[in-house]
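Below: the structure, in structure tokens.
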Amino acid sequence: MIAGLSLVAAYSGGIYAIQATSVANAMLLFATAPFMAAVLGWVVLREPVRPATWVAIAVAIAGIAIMVADKSGGVALKGSLAALGSAFGFAVFTVALRWGKSGEMLPSVFLSGLFGIIVTSGICLFLELPPVLSVRDGGIAMGMGVFQVGAGLILYTLGSRSLPAAELALLSLAEVLLGPLWVWLFIGETATLNTLTGGAVLLAAIAGNALSGKRRRPPPITSP
């Protein structure tokens, strides 16, 4: 239940962030999820966090501060906050998977879809948006639901059985490296200087944390 609800938060924050701020800014803020997962995993699951990861967290916070420094507009700021909220939801999802790794956690992905129907239906009613999609939008939504979201989350859930929360979330950041490139190539959206500078700092923190780690067996989870 916790994993499913946290995924809804990740969905909702991610969609709003993409609409309210640049894709580059949103994708790079999504990259904070591994650091949030590291802290939550340490607090909730007693999974130890290496000193290098704490350093990376501090560097990442500095990078985020640079990225949002020129976002004085209310909409852009809300978009950045939504992206951080999405990252937090994904971090909670990751820790929940690790907590329940001894059981079967794949139903959490199915539950997130059910919860998503309820939440988004309420949003449509509140905003007076029609719940009917065009054939084109429906096809895109089905394709994303099956391949981009569904298949990815199933593989992610299976991987959670053997990887610590911080490392698991870190591996999900491959999309962040290419997200700004795709929107530049296909829709001509360019990133601001602050986004590029802060993003470089943030990605340096992620890469440094990854390169400083050792391949090891995940620590046992103790009941809180």
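Note on naming: chains are A, B, ... as they come in the structure tokens, residues start from 1 per chain, ligands start from 1 in the order shown.
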
Contacts of segment 87-97 of chain A at 7 Å or less, counting only C-alpha atoms, minus same-chain residues fewer than 4 places along, as a PDB file with N, CA and C atoms, in the first residue's frame?
```
ATOM      1  N   ILE A   2       1.906   1.272   0.866  1.00  0.00           N
ATOM      2  CA  ILE A   2       2.792   2.434   0.928  1.00  0.00           C
ATOM      3  C   ILE A   2       3.526   2.605  -0.390  1.00  0.00           C
ATOM      4  N   ALA A   3       4.016   1.504  -0.945  1.00  0.00           N
ATOM      5  CA  ALA A   3       4.736   1.577  -2.221  1.00  0.00           C
ATOM      6  C   ALA A   3       3.819   2.088  -3.331  1.00  0.00           C
ATOM      7  N   SER A   6       3.077   5.875  -2.813  1.00  0.00           N
ATOM      8  CA  SER A   6       4.252   6.705  -3.087  1.00  0.00           C
ATOM      9  C   SER A   6       4.510   6.804  -4.588  1.00  0.00           C
ATOM     10  N   LEU A   7       4.174   5.753  -5.337  1.00  0.00           N
ATOM     11  CA  LEU A   7       4.314   5.819  -6.786  1.00  0.00           C
ATOM     12  C   LEU A   7       3.344   6.829  -7.385  1.00  0.00           C
ATOM     13  N   ALA A   9       2.372   9.539  -5.941  1.00  0.00           N
ATOM     14  CA  ALA A   9       2.997  10.835  -5.680  1.00  0.00           C
ATOM     15  C   ALA A   9       4.109  11.104  -6.691  1.00  0.00           C
ATOM     16  N   ALA A  10       4.884  10.062  -7.013  1.00  0.00           N
ATOM     17  CA  ALA A  10       5.955  10.225  -7.998  1.00  0.00           C
ATOM     18  C   ALA A  10       5.385  10.538  -9.375  1.00  0.00           C
ATOM     19  N   PHE A  30      14.828  15.289 -10.455  1.00  0.00           N
ATOM     20  CA  PHE A  30      14.467  13.895 -10.196  1.00  0.00           C
ATOM     21  C   PHE A  30      15.691  13.102  -9.718  1.00  0.00           C
ATOM     22  N   THR A  32      17.675  13.648  -7.480  1.00  0.00           N
ATOM     23  CA  THR A  32      17.910  13.650  -6.036  1.00  0.00           C
ATOM     24  C   THR A  32      17.318  12.412  -5.359  1.00  0.00           C
ATOM     25  N   ALA A  33      16.540  11.623  -6.084  1.00  0.00           N
ATOM     26  CA  ALA A  33      15.888  10.449  -5.503  1.00  0.00           C
ATOM     27  C   ALA A  33      16.868   9.479  -4.823  1.00  0.00           C
ATOM     28  N   PRO A  34      18.031   9.167  -5.426  1.00  0.00           N
ATOM     29  CA  PRO A  34      18.943   8.237  -4.750  1.00  0.00           C
ATOM     30  C   PRO A  34      19.421   8.741  -3.392  1.00  0.00           C
ATOM     31  N   MET A  36      17.767  10.816  -1.387  1.00  0.00           N
ATOM     32  CA  MET A  36      16.635  10.686  -0.473  1.00  0.00           C
ATOM     33  C   MET A  36      16.464   9.230  -0.049  1.00  0.00           C
ATOM     34  N   ALA A  37      16.642   8.300  -1.007  1.00  0.00           N
ATOM     35  CA  ALA A  37      16.530   6.879  -0.700  1.00  0.00           C
ATOM     36  C   ALA A  37      17.619   6.439   0.276  1.00  0.00           C
ATOM     37  N   LEU A  40      16.499   7.705   3.730  1.00  0.00           N
ATOM     38  CA  LEU A  40      15.355   6.933   4.210  1.00  0.00           C
ATOM     39  C   LEU A  40      15.751   5.490   4.517  1.00  0.00           C
ATOM     40  N   GLY A  41      16.596   4.905   3.655  1.00  0.00           N
ATOM     41  CA  GLY A  41      17.050   3.544   3.904  1.00  0.00           C
ATOM     42  C   GLY A  41      17.848   3.439   5.181  1.00  0.00           C
ATOM     43  N   ALA A  83       8.915  18.493  -8.812  1.00  0.00           N
ATOM     44  CA  ALA A  83       9.941  17.529  -9.212  1.00  0.00           C
ATOM     45  C   ALA A  83      10.616  16.920  -7.982  1.00  0.00           C
ATOM     46  N   LYS A 101      11.050  -6.908   0.628  1.00  0.00           N
ATOM     47  CA  LYS A 101      11.733  -7.749  -0.351  1.00  0.00           C
ATOM     48  C   LYS A 101      11.595  -9.240  -0.072  1.00  0.00           C
ATOM     49  N   MET A 105       6.401  -8.054  -4.024  1.00  0.00           N
ATOM     50  CA  MET A 105       6.092  -6.626  -4.101  1.00  0.00           C
ATOM     51  C   MET A 105       5.566  -6.174  -5.461  1.00  0.00           C
ATOM     52  N   THR A 157      11.294  -3.380  -9.586  1.00  0.00           N
ATOM     53  CA  THR A 157      10.826  -4.117  -8.411  1.00  0.00           C
ATOM     54  C   THR A 157      11.580  -5.427  -8.249  1.00  0.00           C
ATOM     55  N   SER A 160      14.974  -4.866  -6.789  1.00  0.00           N
ATOM     56  CA  SER A 160      15.020  -4.412  -5.400  1.00  0.00           C
ATOM     57  C   SER A 160      15.305  -5.543  -4.417  1.00  0.00           C
ATOM     58  N   ALA A 165      18.876   0.247  -1.121  1.00  0.00           N
ATOM     59  CA  ALA A 165      17.982   1.298  -1.620  1.00  0.00           C
ATOM     60  C   ALA A 165      18.743   2.394  -2.371  1.00  0.00           C
ATOM     61  N   ALA A 169      18.205   3.103  -6.447  1.00  0.00           N
ATOM     62  CA  ALA A 169      17.710   4.364  -6.998  1.00  0.00           C
ATOM     63  C   ALA A 169      18.751   5.026  -7.891  1.00  0.00           C
TER      64      ALA A 169
END
```

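Atom to atom, atom CA of Val55 of chain A and atom CA of Leu211 of chain A stand 13.1 Å apart.
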
Quick one: of A:Arg161, A:Thr120, A:Ser22, A:Thr197, who's nearest to Trp184 of chain A, counting only C-alpha atoms? A:Ser22

Can you list, as a VMD selection string, every residue of segment 6-90 of chain A that DSSP puts in alpha helix (DSSP H)? chain A and resid 6 to 20 23 to 30 33 to 44 51 to 68 74 to 90

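Minimum atom-to-atom distances from A:Thr53, A:Ser86, A:Asn209, A:Ser112 to Leu29 of chain A were compared using only C-alpha atoms, and the lowest value belongs to A:Ser86.
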
Residue with smallest distance to Leu171 of chain A - pool A:Phe147, A:Phe110, A:Tyr11, A:Tyr156, counting only C-alpha atoms: A:Tyr156

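Candidate residues A:Ala31, A:Ala56, A:Ala69, A:Val135 were compared for distance to Ala210 of chain A, and the nearest is A:Ala56, using only C-alpha atoms.
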
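Taking atom CA of Leu168 of chain A and atom CA of Ala207 of chain A as endpoints, the distance between them is 14.2 Å.
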
Would you list the contacts of Val201 of chain A as a PDB file with C-alpha atoms, in the first residue's frame, taking every protein, DNA or RNA residue within 10 Å and counting only C-alpha atoms, but skipping same-chain residues closer than 4 positions in sequence?
```pdb
ATOM      1  CA  ALA A  56      27.583  13.556  -2.509  1.00  0.00           C
ATOM      2  CA  VAL A  59      27.249  18.549  -3.253  1.00  0.00           C
ATOM      3  CA  ALA A  60      23.870  17.665  -4.771  1.00  0.00           C
ATOM      4  CA  ILE A  61      22.086  20.165  -2.532  1.00  0.00           C
ATOM      5  CA  ALA A  62      24.517  22.849  -3.743  1.00  0.00           C
ATOM      6  CA  GLY A  63      23.765  21.900  -7.336  1.00  0.00           C
ATOM      7  CA  ILE A  64      20.010  22.106  -6.746  1.00  0.00           C
ATOM      8  CA  ILE A  66      22.207  26.750  -8.322  1.00  0.00           C
ATOM      9  CA  MET A  67      19.535  25.272 -10.576  1.00  0.00           C
ATOM     10  CA  THR A 195      20.227  24.617 -15.042  1.00  0.00           C
ATOM     11  CA  LEU A 196      23.327  23.442 -16.916  1.00  0.00           C
ATOM     12  CA  THR A 197      25.726  24.601 -14.190  1.00  0.00           C
ATOM     13  CA  ALA A 205      27.830  14.250  -7.189  1.00  0.00           C
ATOM     14  CA  ILE A 206      25.933  11.271  -8.610  1.00  0.00           C
ATOM     15  CA  ALA A 207      28.909  10.039 -10.613  1.00  0.00           C
TER      16      ALA A 207
END
```

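Of the listed residues (A:Val109, A:Ile123, A:Leu77, A:Leu193), A:Val109 comes nearest to Val146 of chain A; the distances count only C-alpha atoms.
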
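One finds atom CA of Arg98 of chain A at 11.7 Å from atom CA of Ala38 of chain A.
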
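Checking A:Gly188, A:Gly145, A:Gly138, A:Pro48 one by one against Gly113 of chain A, counting only C-alpha atoms, you find the shortest gap at A:Gly145.
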